[in-house]
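What follows is the content of upload_28.cif, which has mmCIF, N, CA and C atoms:
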data_final
loop_
_atom_site.label_atom_id
_atom_site.label_comp_id
_atom_site.auth_asym_id
_atom_site.auth_seq_id
_atom_site.Cartn_x
_atom_site.Cartn_y
_atom_site.Cartn_z
N MET A 1 -12.50 12.44 6.70
CA MET A 1 -11.38 11.88 7.43
C MET A 1 -11.68 10.43 7.77
N PHE A 2 -10.67 9.60 7.78
CA PHE A 2 -10.82 8.17 8.05
C PHE A 2 -11.06 7.93 9.52
N GLU A 3 -12.04 7.10 9.84
CA GLU A 3 -12.29 6.66 11.21
C GLU A 3 -11.98 5.17 11.28
N PRO A 4 -10.98 4.77 12.07
CA PRO A 4 -10.63 3.35 12.13
C PRO A 4 -11.74 2.51 12.75
N VAL A 5 -11.79 1.27 12.33
CA VAL A 5 -12.71 0.32 12.94
C VAL A 5 -11.95 -0.42 14.04
N ALA A 6 -12.68 -0.97 14.99
CA ALA A 6 -12.03 -1.51 16.19
C ALA A 6 -11.51 -2.92 16.05
N CYS A 7 -11.96 -3.68 15.09
CA CYS A 7 -11.54 -5.08 15.06
C CYS A 7 -11.16 -5.51 13.65
N ALA A 8 -10.33 -6.52 13.59
CA ALA A 8 -9.91 -7.11 12.32
C ALA A 8 -11.02 -8.03 11.81
N PRO A 9 -11.09 -8.21 10.50
CA PRO A 9 -12.08 -9.13 9.97
C PRO A 9 -11.76 -10.56 10.36
N ASP A 10 -12.80 -11.38 10.45
CA ASP A 10 -12.57 -12.81 10.69
C ASP A 10 -12.02 -13.42 9.40
N LEU A 11 -10.85 -13.99 9.50
CA LEU A 11 -10.23 -14.60 8.33
C LEU A 11 -10.35 -16.10 8.41
N PRO A 12 -10.69 -16.75 7.30
CA PRO A 12 -10.65 -18.21 7.28
C PRO A 12 -9.22 -18.69 7.52
N SER A 13 -9.06 -19.90 7.99
CA SER A 13 -7.73 -20.40 8.33
C SER A 13 -6.79 -20.40 7.12
N GLU A 14 -7.31 -20.65 5.92
CA GLU A 14 -6.46 -20.63 4.72
C GLU A 14 -5.90 -19.22 4.49
N SER A 15 -6.73 -18.20 4.72
CA SER A 15 -6.27 -16.82 4.57
C SER A 15 -5.26 -16.46 5.65
N LYS A 16 -5.48 -16.96 6.86
CA LYS A 16 -4.52 -16.72 7.95
C LYS A 16 -3.17 -17.34 7.60
N ASP A 17 -3.19 -18.52 7.01
CA ASP A 17 -1.95 -19.18 6.61
C ASP A 17 -1.21 -18.37 5.54
N LEU A 18 -1.96 -17.84 4.55
CA LEU A 18 -1.35 -17.02 3.51
C LEU A 18 -0.73 -15.77 4.11
N LEU A 19 -1.45 -15.13 5.02
CA LEU A 19 -0.95 -13.93 5.67
C LEU A 19 0.28 -14.23 6.51
N SER A 20 0.24 -15.32 7.24
CA SER A 20 1.39 -15.72 8.07
C SER A 20 2.62 -15.98 7.20
N ASP A 21 2.42 -16.67 6.09
CA ASP A 21 3.52 -16.96 5.17
C ASP A 21 4.11 -15.66 4.61
N PHE A 22 3.24 -14.74 4.21
CA PHE A 22 3.67 -13.46 3.67
C PHE A 22 4.46 -12.67 4.72
N LEU A 23 3.92 -12.57 5.93
CA LEU A 23 4.58 -11.80 6.99
C LEU A 23 5.91 -12.41 7.41
N SER A 24 6.01 -13.74 7.34
CA SER A 24 7.27 -14.39 7.74
C SER A 24 8.42 -13.98 6.83
N ARG A 25 8.14 -13.58 5.61
CA ARG A 25 9.20 -13.17 4.68
C ARG A 25 9.85 -11.86 5.10
N PHE A 26 9.15 -11.08 5.92
CA PHE A 26 9.72 -9.83 6.40
C PHE A 26 10.66 -10.07 7.58
N SER A 27 10.46 -11.16 8.30
CA SER A 27 11.32 -11.44 9.45
C SER A 27 12.47 -12.38 9.12
N ASP A 28 12.42 -12.99 7.93
CA ASP A 28 13.46 -13.94 7.55
C ASP A 28 14.78 -13.28 7.16
N THR A 29 14.76 -12.00 6.88
CA THR A 29 15.97 -11.32 6.45
C THR A 29 16.05 -9.94 7.08
N GLU A 30 17.23 -9.53 7.46
CA GLU A 30 17.42 -8.20 8.04
C GLU A 30 17.42 -7.12 6.98
N VAL A 31 17.57 -7.50 5.73
CA VAL A 31 17.65 -6.53 4.65
C VAL A 31 16.30 -5.87 4.40
N MET A 32 15.24 -6.63 4.62
CA MET A 32 13.90 -6.12 4.29
C MET A 32 13.36 -5.25 5.42
N ASP A 33 12.70 -4.18 5.04
CA ASP A 33 12.07 -3.27 5.99
C ASP A 33 10.72 -3.86 6.41
N SER A 34 10.45 -3.90 7.71
CA SER A 34 9.21 -4.50 8.18
C SER A 34 8.04 -3.52 8.18
N MET A 35 8.28 -2.24 7.95
CA MET A 35 7.20 -1.26 7.97
C MET A 35 6.07 -1.59 6.99
N PRO A 36 6.36 -1.97 5.74
CA PRO A 36 5.25 -2.32 4.85
C PRO A 36 4.38 -3.44 5.40
N ALA A 37 4.96 -4.41 6.06
CA ALA A 37 4.18 -5.51 6.62
C ALA A 37 3.26 -5.00 7.72
N LEU A 38 3.76 -4.11 8.57
CA LEU A 38 2.95 -3.56 9.66
C LEU A 38 1.79 -2.73 9.12
N VAL A 39 2.06 -1.92 8.12
CA VAL A 39 1.02 -1.08 7.53
C VAL A 39 0.01 -1.96 6.79
N PHE A 40 0.48 -3.02 6.14
CA PHE A 40 -0.41 -3.95 5.45
C PHE A 40 -1.41 -4.55 6.45
N VAL A 41 -0.91 -4.96 7.60
CA VAL A 41 -1.79 -5.52 8.64
C VAL A 41 -2.75 -4.45 9.15
N ASP A 42 -2.30 -3.22 9.27
CA ASP A 42 -3.19 -2.13 9.68
C ASP A 42 -4.33 -1.94 8.68
N VAL A 43 -4.03 -2.03 7.39
CA VAL A 43 -5.08 -1.91 6.37
C VAL A 43 -6.04 -3.09 6.49
N LEU A 44 -5.51 -4.27 6.63
CA LEU A 44 -6.34 -5.47 6.76
C LEU A 44 -7.23 -5.38 7.99
N ALA A 45 -6.70 -4.84 9.09
CA ALA A 45 -7.45 -4.75 10.35
C ALA A 45 -8.43 -3.58 10.37
N GLY A 46 -8.35 -2.70 9.37
CA GLY A 46 -9.25 -1.55 9.34
C GLY A 46 -8.74 -0.37 10.13
N GLU A 47 -7.48 -0.40 10.56
CA GLU A 47 -6.90 0.71 11.31
C GLU A 47 -6.36 1.80 10.39
N LYS A 48 -6.10 1.46 9.15
CA LYS A 48 -5.60 2.40 8.15
C LYS A 48 -6.38 2.14 6.87
N PRO A 49 -6.83 3.18 6.17
CA PRO A 49 -7.68 2.95 4.99
C PRO A 49 -6.94 2.45 3.77
N ALA A 50 -5.66 2.83 3.62
CA ALA A 50 -4.92 2.44 2.41
C ALA A 50 -3.43 2.61 2.67
N MET A 51 -2.65 2.06 1.75
CA MET A 51 -1.20 2.17 1.83
C MET A 51 -0.62 2.13 0.43
N ILE A 52 0.64 2.55 0.34
CA ILE A 52 1.40 2.39 -0.90
C ILE A 52 2.40 1.27 -0.64
N PHE A 53 2.46 0.31 -1.53
CA PHE A 53 3.29 -0.87 -1.33
C PHE A 53 4.17 -1.07 -2.56
N GLN A 54 5.44 -1.38 -2.34
CA GLN A 54 6.38 -1.71 -3.41
C GLN A 54 6.73 -3.18 -3.30
N PRO A 55 5.97 -4.06 -3.94
CA PRO A 55 6.27 -5.49 -3.82
C PRO A 55 7.56 -5.85 -4.54
N ASN A 56 8.24 -6.87 -4.01
CA ASN A 56 9.44 -7.35 -4.69
C ASN A 56 9.46 -8.88 -4.68
N GLU A 57 10.40 -9.44 -5.42
CA GLU A 57 10.44 -10.90 -5.60
C GLU A 57 10.76 -11.64 -4.31
N ASN A 58 11.40 -11.00 -3.33
CA ASN A 58 11.66 -11.67 -2.05
C ASN A 58 10.38 -11.89 -1.25
N GLN A 59 9.44 -10.98 -1.39
CA GLN A 59 8.18 -11.10 -0.69
C GLN A 59 7.24 -12.09 -1.36
N PHE A 60 7.40 -12.27 -2.66
CA PHE A 60 6.53 -13.15 -3.44
C PHE A 60 7.37 -14.10 -4.29
N PRO A 61 8.03 -15.08 -3.64
CA PRO A 61 8.94 -15.96 -4.39
C PRO A 61 8.25 -16.80 -5.47
N ASN A 62 6.96 -17.02 -5.35
CA ASN A 62 6.24 -17.77 -6.39
C ASN A 62 5.95 -16.90 -7.61
N HIS A 63 6.20 -15.60 -7.49
CA HIS A 63 5.99 -14.65 -8.59
C HIS A 63 7.26 -13.83 -8.77
N ARG A 64 8.37 -14.51 -8.95
CA ARG A 64 9.67 -13.83 -9.00
C ARG A 64 9.75 -12.76 -10.08
N PHE A 65 9.08 -12.97 -11.19
CA PHE A 65 9.15 -12.01 -12.29
C PHE A 65 7.94 -11.09 -12.33
N ALA A 66 7.00 -11.29 -11.41
CA ALA A 66 5.79 -10.46 -11.36
C ALA A 66 5.31 -10.31 -9.92
N PRO A 67 6.12 -9.67 -9.06
CA PRO A 67 5.71 -9.54 -7.66
C PRO A 67 4.41 -8.76 -7.49
N HIS A 68 4.10 -7.85 -8.44
CA HIS A 68 2.83 -7.13 -8.35
C HIS A 68 1.66 -8.10 -8.42
N GLN A 69 1.80 -9.14 -9.25
CA GLN A 69 0.73 -10.14 -9.35
C GLN A 69 0.62 -10.94 -8.06
N GLY A 70 1.74 -11.23 -7.43
CA GLY A 70 1.71 -11.92 -6.14
C GLY A 70 0.96 -11.11 -5.10
N LEU A 71 1.20 -9.79 -5.08
CA LEU A 71 0.49 -8.92 -4.15
C LEU A 71 -1.00 -8.89 -4.48
N ALA A 72 -1.33 -8.79 -5.77
CA ALA A 72 -2.74 -8.77 -6.18
C ALA A 72 -3.44 -10.06 -5.76
N ASP A 73 -2.79 -11.19 -5.93
CA ASP A 73 -3.38 -12.48 -5.54
C ASP A 73 -3.60 -12.56 -4.03
N LEU A 74 -2.59 -12.11 -3.26
CA LEU A 74 -2.72 -12.12 -1.80
C LEU A 74 -3.87 -11.22 -1.35
N CYS A 75 -3.94 -10.02 -1.91
CA CYS A 75 -5.01 -9.09 -1.55
C CYS A 75 -6.38 -9.64 -1.91
N ASP A 76 -6.46 -10.29 -3.06
CA ASP A 76 -7.73 -10.91 -3.47
C ASP A 76 -8.17 -11.96 -2.46
N GLN A 77 -7.24 -12.78 -2.00
CA GLN A 77 -7.53 -13.83 -1.01
C GLN A 77 -7.97 -13.24 0.32
N LEU A 78 -7.45 -12.05 0.66
CA LEU A 78 -7.73 -11.43 1.96
C LEU A 78 -8.86 -10.40 1.90
N GLY A 79 -9.42 -10.20 0.72
CA GLY A 79 -10.53 -9.25 0.59
C GLY A 79 -10.09 -7.80 0.49
N LEU A 80 -8.83 -7.56 0.16
CA LEU A 80 -8.34 -6.21 -0.04
C LEU A 80 -8.35 -5.87 -1.52
N HIS A 81 -8.23 -4.60 -1.84
CA HIS A 81 -8.27 -4.15 -3.23
C HIS A 81 -6.95 -3.48 -3.58
N VAL A 82 -6.56 -3.57 -4.84
CA VAL A 82 -5.31 -2.98 -5.30
C VAL A 82 -5.55 -2.07 -6.50
N SER A 83 -4.68 -1.08 -6.66
CA SER A 83 -4.69 -0.20 -7.81
C SER A 83 -3.26 -0.03 -8.26
N PHE A 84 -2.95 -0.44 -9.47
CA PHE A 84 -1.60 -0.33 -10.03
C PHE A 84 -1.44 1.03 -10.70
N ARG A 85 -0.27 1.64 -10.52
CA ARG A 85 0.04 2.90 -11.19
C ARG A 85 0.96 2.59 -12.35
N ALA A 86 0.48 2.84 -13.54
CA ALA A 86 1.26 2.57 -14.74
C ALA A 86 2.59 3.31 -14.70
N GLY A 87 3.65 2.62 -15.10
CA GLY A 87 4.97 3.22 -15.18
C GLY A 87 5.68 3.34 -13.84
N THR A 88 5.13 2.76 -12.77
CA THR A 88 5.79 2.80 -11.46
C THR A 88 5.91 1.38 -10.94
N ASN A 89 6.64 1.24 -9.84
CA ASN A 89 6.79 -0.09 -9.25
C ASN A 89 6.07 -0.17 -7.91
N PHE A 90 5.08 0.67 -7.69
CA PHE A 90 4.33 0.58 -6.45
C PHE A 90 2.84 0.47 -6.71
N VAL A 91 2.14 0.02 -5.68
CA VAL A 91 0.72 -0.31 -5.78
C VAL A 91 -0.01 0.31 -4.59
N PHE A 92 -1.20 0.81 -4.81
CA PHE A 92 -2.06 1.22 -3.71
C PHE A 92 -2.85 0.01 -3.26
N VAL A 93 -2.92 -0.22 -1.94
CA VAL A 93 -3.70 -1.31 -1.35
C VAL A 93 -4.71 -0.67 -0.41
N ALA A 94 -5.97 -1.09 -0.50
CA ALA A 94 -7.02 -0.52 0.36
C ALA A 94 -8.05 -1.57 0.74
N ALA A 95 -8.70 -1.34 1.86
CA ALA A 95 -9.75 -2.23 2.31
C ALA A 95 -11.04 -1.98 1.53
N SER A 96 -11.18 -0.78 0.97
CA SER A 96 -12.39 -0.40 0.24
C SER A 96 -12.04 0.01 -1.18
N ARG A 97 -12.76 -0.52 -2.15
CA ARG A 97 -12.52 -0.14 -3.55
C ARG A 97 -12.80 1.34 -3.74
N GLY A 98 -13.77 1.89 -3.01
CA GLY A 98 -14.10 3.30 -3.12
C GLY A 98 -12.93 4.20 -2.80
N ARG A 99 -12.09 3.80 -1.87
CA ARG A 99 -10.91 4.58 -1.52
C ARG A 99 -9.99 4.68 -2.74
N LEU A 100 -9.90 3.62 -3.53
CA LEU A 100 -9.01 3.60 -4.69
C LEU A 100 -9.55 4.41 -5.86
N ASP A 101 -10.84 4.75 -5.81
CA ASP A 101 -11.39 5.61 -6.86
C ASP A 101 -10.76 7.00 -6.82
N LEU A 102 -10.15 7.35 -5.69
CA LEU A 102 -9.51 8.65 -5.55
C LEU A 102 -8.10 8.70 -6.11
N VAL A 103 -7.52 7.54 -6.46
CA VAL A 103 -6.14 7.50 -6.97
C VAL A 103 -6.06 8.28 -8.28
N PRO A 104 -5.19 9.29 -8.35
CA PRO A 104 -5.05 10.04 -9.60
C PRO A 104 -4.57 9.14 -10.73
N THR A 105 -5.04 9.43 -11.92
CA THR A 105 -4.70 8.57 -13.06
C THR A 105 -3.73 9.23 -14.03
N ASN A 106 -3.33 10.47 -13.78
CA ASN A 106 -2.43 11.11 -14.74
C ASN A 106 -1.05 10.48 -14.66
N GLY A 107 -0.28 10.63 -15.70
CA GLY A 107 1.02 9.97 -15.77
C GLY A 107 2.20 10.86 -15.44
N ARG A 108 1.95 12.09 -14.99
CA ARG A 108 3.07 12.99 -14.69
C ARG A 108 3.78 12.55 -13.43
N ARG A 109 5.10 12.74 -13.38
CA ARG A 109 5.86 12.36 -12.19
C ARG A 109 5.79 13.46 -11.11
N LYS A 110 5.85 14.73 -11.50
CA LYS A 110 5.72 15.80 -10.51
C LYS A 110 4.23 16.01 -10.24
N ARG A 111 3.91 16.29 -8.98
CA ARG A 111 2.52 16.37 -8.58
C ARG A 111 2.13 17.77 -8.14
N SER A 112 0.89 18.10 -8.35
CA SER A 112 0.34 19.39 -7.95
C SER A 112 -0.11 19.33 -6.49
N ARG A 113 -0.51 20.47 -5.97
CA ARG A 113 -1.06 20.53 -4.61
C ARG A 113 -2.32 19.68 -4.51
N GLY A 114 -3.13 19.70 -5.56
CA GLY A 114 -4.35 18.89 -5.56
C GLY A 114 -4.04 17.40 -5.49
N TRP A 115 -2.98 16.99 -6.19
CA TRP A 115 -2.59 15.58 -6.16
C TRP A 115 -2.13 15.20 -4.76
N ALA A 116 -1.35 16.09 -4.13
CA ALA A 116 -0.86 15.83 -2.77
C ALA A 116 -2.02 15.71 -1.79
N LYS A 117 -3.02 16.57 -1.95
CA LYS A 117 -4.19 16.52 -1.07
C LYS A 117 -4.94 15.21 -1.26
N ARG A 118 -5.10 14.81 -2.50
CA ARG A 118 -5.80 13.56 -2.79
C ARG A 118 -5.05 12.36 -2.21
N LEU A 119 -3.72 12.37 -2.32
CA LEU A 119 -2.91 11.29 -1.76
C LEU A 119 -3.12 11.21 -0.24
N GLY A 120 -3.13 12.35 0.44
CA GLY A 120 -3.35 12.37 1.88
C GLY A 120 -4.69 11.80 2.27
N VAL A 121 -5.72 12.13 1.49
CA VAL A 121 -7.07 11.60 1.75
C VAL A 121 -7.10 10.09 1.55
N ILE A 122 -6.48 9.62 0.47
CA ILE A 122 -6.45 8.18 0.18
C ILE A 122 -5.81 7.42 1.34
N LEU A 123 -4.70 7.95 1.85
CA LEU A 123 -3.95 7.25 2.90
C LEU A 123 -4.50 7.49 4.30
N GLY A 124 -5.53 8.34 4.42
CA GLY A 124 -6.20 8.54 5.70
C GLY A 124 -5.53 9.48 6.67
N TYR A 125 -4.70 10.38 6.17
CA TYR A 125 -4.04 11.33 7.06
C TYR A 125 -5.03 12.42 7.49
N PRO A 126 -4.86 12.96 8.71
CA PRO A 126 -5.75 14.05 9.15
C PRO A 126 -5.51 15.30 8.31
N PRO A 127 -6.52 16.17 8.21
CA PRO A 127 -6.39 17.37 7.38
C PRO A 127 -5.16 18.23 7.72
N SER A 128 -4.79 18.33 9.00
CA SER A 128 -3.62 19.15 9.37
C SER A 128 -2.34 18.56 8.78
N ALA A 129 -2.21 17.24 8.76
CA ALA A 129 -1.02 16.59 8.19
C ALA A 129 -0.99 16.77 6.67
N VAL A 130 -2.14 16.68 6.04
CA VAL A 130 -2.22 16.88 4.59
C VAL A 130 -1.81 18.31 4.25
N GLN A 131 -2.30 19.27 5.02
CA GLN A 131 -1.96 20.68 4.78
C GLN A 131 -0.47 20.91 4.94
N THR A 132 0.14 20.34 5.96
CA THR A 132 1.59 20.47 6.17
C THR A 132 2.35 19.89 4.99
N PHE A 133 1.93 18.73 4.52
CA PHE A 133 2.56 18.09 3.37
C PHE A 133 2.45 18.98 2.13
N MET A 134 1.28 19.57 1.94
CA MET A 134 1.05 20.42 0.77
C MET A 134 1.86 21.71 0.83
N ASN A 135 2.18 22.18 2.03
CA ASN A 135 2.90 23.44 2.20
C ASN A 135 4.42 23.29 2.12
N GLN A 136 4.91 22.10 1.85
CA GLN A 136 6.36 21.91 1.71
C GLN A 136 6.88 22.73 0.54
N ASP A 137 8.10 23.24 0.69
CA ASP A 137 8.71 24.05 -0.36
C ASP A 137 9.14 23.23 -1.57
N GLN A 138 9.52 22.00 -1.34
CA GLN A 138 10.01 21.18 -2.44
C GLN A 138 8.90 20.30 -3.01
N PRO A 139 8.88 20.13 -4.32
CA PRO A 139 7.84 19.30 -4.93
C PRO A 139 8.03 17.82 -4.59
N TRP A 140 6.93 17.12 -4.43
CA TRP A 140 6.98 15.69 -4.16
C TRP A 140 6.99 14.94 -5.48
N THR A 141 7.85 13.95 -5.58
CA THR A 141 7.87 13.08 -6.76
C THR A 141 7.70 11.65 -6.31
N GLU A 142 7.24 10.81 -7.21
CA GLU A 142 7.02 9.41 -6.88
C GLU A 142 8.35 8.73 -6.60
N PRO A 143 8.32 7.68 -5.76
CA PRO A 143 9.57 6.97 -5.46
C PRO A 143 10.22 6.42 -6.72
N ALA A 144 11.55 6.47 -6.75
CA ALA A 144 12.29 5.90 -7.87
C ALA A 144 12.20 4.38 -7.79
N MET A 145 12.31 3.75 -8.92
CA MET A 145 12.28 2.28 -8.93
C MET A 145 13.51 1.74 -8.26
N ASP A 146 13.31 0.85 -7.29
CA ASP A 146 14.40 0.27 -6.52
C ASP A 146 14.77 -1.07 -7.17
N ARG A 147 15.93 -1.12 -7.77
CA ARG A 147 16.37 -2.34 -8.46
C ARG A 147 17.28 -3.19 -7.57
N THR A 148 17.54 -2.76 -6.32
CA THR A 148 18.48 -3.47 -5.47
C THR A 148 17.87 -4.58 -4.66
N SER A 149 16.55 -4.58 -4.48
CA SER A 149 15.94 -5.61 -3.62
C SER A 149 15.57 -6.85 -4.38
#

Let me see the file written as structure tokens.
Amino acid sequence: MFEPVACAPDLPSESKDLLSDFLSRFSDTEVMDSMPALVFVDVLAGEKPAMIFQPNENQFPNHRFAPHQGLADLCDQLGLHVSFRAGTNFVFVAASRGRLDLVPTNGRRKRSRGWAKRLGVILGYPPSAVQTFMNQDQPWTEPAMDRTS
């Protein structure tokens, strides 16, 4: 189980500026959901081990045709790690590369109970929450690609 750390890493001022610029894009428009930004900061601060992120061109205007690369560049600057899932539009972001070693590599869209358990471990959920997720009657599928943002 994930144990949060109490403090955020010391960031150089250049990294703080990059983070500030990135976070400001979530407050500049009411259309964008701010939850990914909050969870991103939690991962950076060590309060959450990993997250799933769907980058888009509004968040990374310098990478309009490759927002995933914009996210990878930002994470590299901040000392975070990314894992891309082939055939999807989302990315795993983690403070530790070891956490990303748990990301399943199969290409199936429907997931097994084992995949659900692994996802819960990656994202740092407590065992009771993972068990509840696994016991759902309906199968979990990956998010559909959002072409509207």

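Our summary of the geometry notes that atom CA of A:Met51 is positioned 16.4 Å from atom CA of A:Gly70.
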
- Message: Assuming the chain letters and numbering stay as they are in my file, what does the PyMOL selection byres (((chain A and resi 58-63 and name CA) around 10) and name CA) actually select? List them as a list in words.
- Response: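 Applying the PyMOL selection byres (((chain A and resi 58-63 and name CA) around 10) and name CA) to the structure shown produces Asp21, Phe22, Leu23, Ser24, Arg25, Phe26, Thr29, Met32, Gln54, Pro55, Asn56, Glu57, Arg64, Phe65, Ala66, Pro67, His68, Gln69, Gly70, Leu71, Leu74 and Ser149 of chain A.
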
- Within 8 Å of A:Phe90, counting all atoms listed in the file, which residues qualify if same-chain residues fewer than 2 places away don't, as a PyMOL selection string? chain A and resi 52-55+68+83-88+92-93+143+145

- Item | Residues of stretch 30-64 of chain A in strand (DSSP E), written as a list of chain:residue names |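 Written out, the strand (DSSP E) residues of stretch 30-64 of chain A are A:Ala50, A:Met51, A:Ile52, A:Phe53.
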
- Residues returned when the PyMOL selection byres (((chain A and resi 101 and name CA) around 12) and name CA) runs on this file, as a ChimeraX atom specification: /A:50,81-84,92-94,96-100,102-105,118-119,121-122

Just write the chosen residues, N, CA and C atoms, as a PDB file, in the coordinates of the input.
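Output file result_30.pdb follows:
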ATOM      1  N   ALA A  50      -5.660   2.830   3.620  1.00  0.00           N
ATOM      2  CA  ALA A  50      -4.920   2.440   2.410  1.00  0.00           C
ATOM      3  C   ALA A  50      -3.430   2.610   2.670  1.00  0.00           C
ATOM      4  N   HIS A  81      -8.230  -4.600  -1.840  1.00  0.00           N
ATOM      5  CA  HIS A  81      -8.270  -4.150  -3.230  1.00  0.00           C
ATOM      6  C   HIS A  81      -6.950  -3.480  -3.580  1.00  0.00           C
ATOM      7  N   VAL A  82      -6.560  -3.570  -4.840  1.00  0.00           N
ATOM      8  CA  VAL A  82      -5.310  -2.980  -5.300  1.00  0.00           C
ATOM      9  C   VAL A  82      -5.550  -2.070  -6.500  1.00  0.00           C
ATOM     10  N   SER A  83      -4.680  -1.080  -6.660  1.00  0.00           N
ATOM     11  CA  SER A  83      -4.690  -0.200  -7.810  1.00  0.00           C
ATOM     12  C   SER A  83      -3.260  -0.030  -8.260  1.00  0.00           C
ATOM     13  N   PHE A  84      -2.950  -0.440  -9.470  1.00  0.00           N
ATOM     14  CA  PHE A  84      -1.600  -0.330 -10.030  1.00  0.00           C
ATOM     15  C   PHE A  84      -1.440   1.030 -10.700  1.00  0.00           C
ATOM     16  N   PHE A  92      -1.200   0.810  -4.810  1.00  0.00           N
ATOM     17  CA  PHE A  92      -2.060   1.220  -3.710  1.00  0.00           C
ATOM     18  C   PHE A  92      -2.850   0.010  -3.260  1.00  0.00           C
ATOM     19  N   VAL A  93      -2.920  -0.220  -1.940  1.00  0.00           N
ATOM     20  CA  VAL A  93      -3.700  -1.310  -1.350  1.00  0.00           C
ATOM     21  C   VAL A  93      -4.710  -0.670  -0.410  1.00  0.00           C
ATOM     22  N   ALA A  94      -5.970  -1.090  -0.500  1.00  0.00           N
ATOM     23  CA  ALA A  94      -7.020  -0.520   0.360  1.00  0.00           C
ATOM     24  C   ALA A  94      -8.050  -1.570   0.740  1.00  0.00           C
ATOM     25  N   SER A  96     -11.180  -0.780   0.970  1.00  0.00           N
ATOM     26  CA  SER A  96     -12.390  -0.400   0.240  1.00  0.00           C
ATOM     27  C   SER A  96     -12.040   0.010  -1.180  1.00  0.00           C
ATOM     28  N   ARG A  97     -12.760  -0.520  -2.150  1.00  0.00           N
ATOM     29  CA  ARG A  97     -12.520  -0.140  -3.550  1.00  0.00           C
ATOM     30  C   ARG A  97     -12.800   1.340  -3.740  1.00  0.00           C
ATOM     31  N   GLY A  98     -13.770   1.890  -3.010  1.00  0.00           N
ATOM     32  CA  GLY A  98     -14.100   3.300  -3.120  1.00  0.00           C
ATOM     33  C   GLY A  98     -12.930   4.200  -2.800  1.00  0.00           C
ATOM     34  N   ARG A  99     -12.090   3.800  -1.870  1.00  0.00           N
ATOM     35  CA  ARG A  99     -10.910   4.580  -1.520  1.00  0.00           C
ATOM     36  C   ARG A  99      -9.990   4.680  -2.740  1.00  0.00           C
ATOM     37  N   LEU A 100      -9.900   3.620  -3.530  1.00  0.00           N
ATOM     38  CA  LEU A 100      -9.010   3.600  -4.690  1.00  0.00           C
ATOM     39  C   LEU A 100      -9.550   4.410  -5.860  1.00  0.00           C
ATOM     40  N   LEU A 102     -10.150   7.350  -5.690  1.00  0.00           N
ATOM     41  CA  LEU A 102      -9.510   8.650  -5.550  1.00  0.00           C
ATOM     42  C   LEU A 102      -8.100   8.700  -6.110  1.00  0.00           C
ATOM     43  N   VAL A 103      -7.520   7.540  -6.460  1.00  0.00           N
ATOM     44  CA  VAL A 103      -6.140   7.500  -6.970  1.00  0.00           C
ATOM     45  C   VAL A 103      -6.060   8.280  -8.280  1.00  0.00           C
ATOM     46  N   PRO A 104      -5.190   9.290  -8.350  1.00  0.00           N
ATOM     47  CA  PRO A 104      -5.050  10.040  -9.600  1.00  0.00           C
ATOM     48  C   PRO A 104      -4.570   9.140 -10.730  1.00  0.00           C
ATOM     49  N   THR A 105      -5.040   9.430 -11.920  1.00  0.00           N
ATOM     50  CA  THR A 105      -4.700   8.570 -13.060  1.00  0.00           C
ATOM     51  C   THR A 105      -3.730   9.230 -14.030  1.00  0.00           C
ATOM     52  N   ARG A 118      -5.100  14.810  -2.500  1.00  0.00           N
ATOM     53  CA  ARG A 118      -5.800  13.560  -2.790  1.00  0.00           C
ATOM     54  C   ARG A 118      -5.050  12.360  -2.210  1.00  0.00           C
ATOM     55  N   LEU A 119      -3.720  12.370  -2.320  1.00  0.00           N
ATOM     56  CA  LEU A 119      -2.910  11.290  -1.760  1.00  0.00           C
ATOM     57  C   LEU A 119      -3.120  11.210  -0.240  1.00  0.00           C
ATOM     58  N   VAL A 121      -5.720  12.130   1.490  1.00  0.00           N
ATOM     59  CA  VAL A 121      -7.070  11.600   1.750  1.00  0.00           C
ATOM     60  C   VAL A 121      -7.100  10.090   1.550  1.00  0.00           C
ATOM     61  N   ILE A 122      -6.480   9.620   0.470  1.00  0.00           N
ATOM     62  CA  ILE A 122      -6.450   8.180   0.180  1.00  0.00           C
ATOM     63  C   ILE A 122      -5.810   7.420   1.340  1.00  0.00           C
TER      64      ILE A 122
END

- Task: Quote the spacing between atom N of A:Trp115 and atom CA of A:Met134 in Å to one decimal place.
- Result: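 Here the two named atoms are 8.7 Å from each other.
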
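In this model, the gap between atom N of A:Pro49 and atom C of A:Leu123 comes to 5.2 Å.
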
- Which of stretch 34-143 of chain A counts as alpha helix (DSSP H) under DSSP, as a ChimeraX atom specification please? /A:35-45,67-78,97-100,113-123,127-134

- Message: I want to know what sits within 12 Å of A:Leu78, based on only C-alpha atoms, with residues of the same chain fewer than 6 positions away left out; could you give that as a ChimeraX atom specification?
- Response: /A:8-20,22,40-41,43-45,71-72,93-95
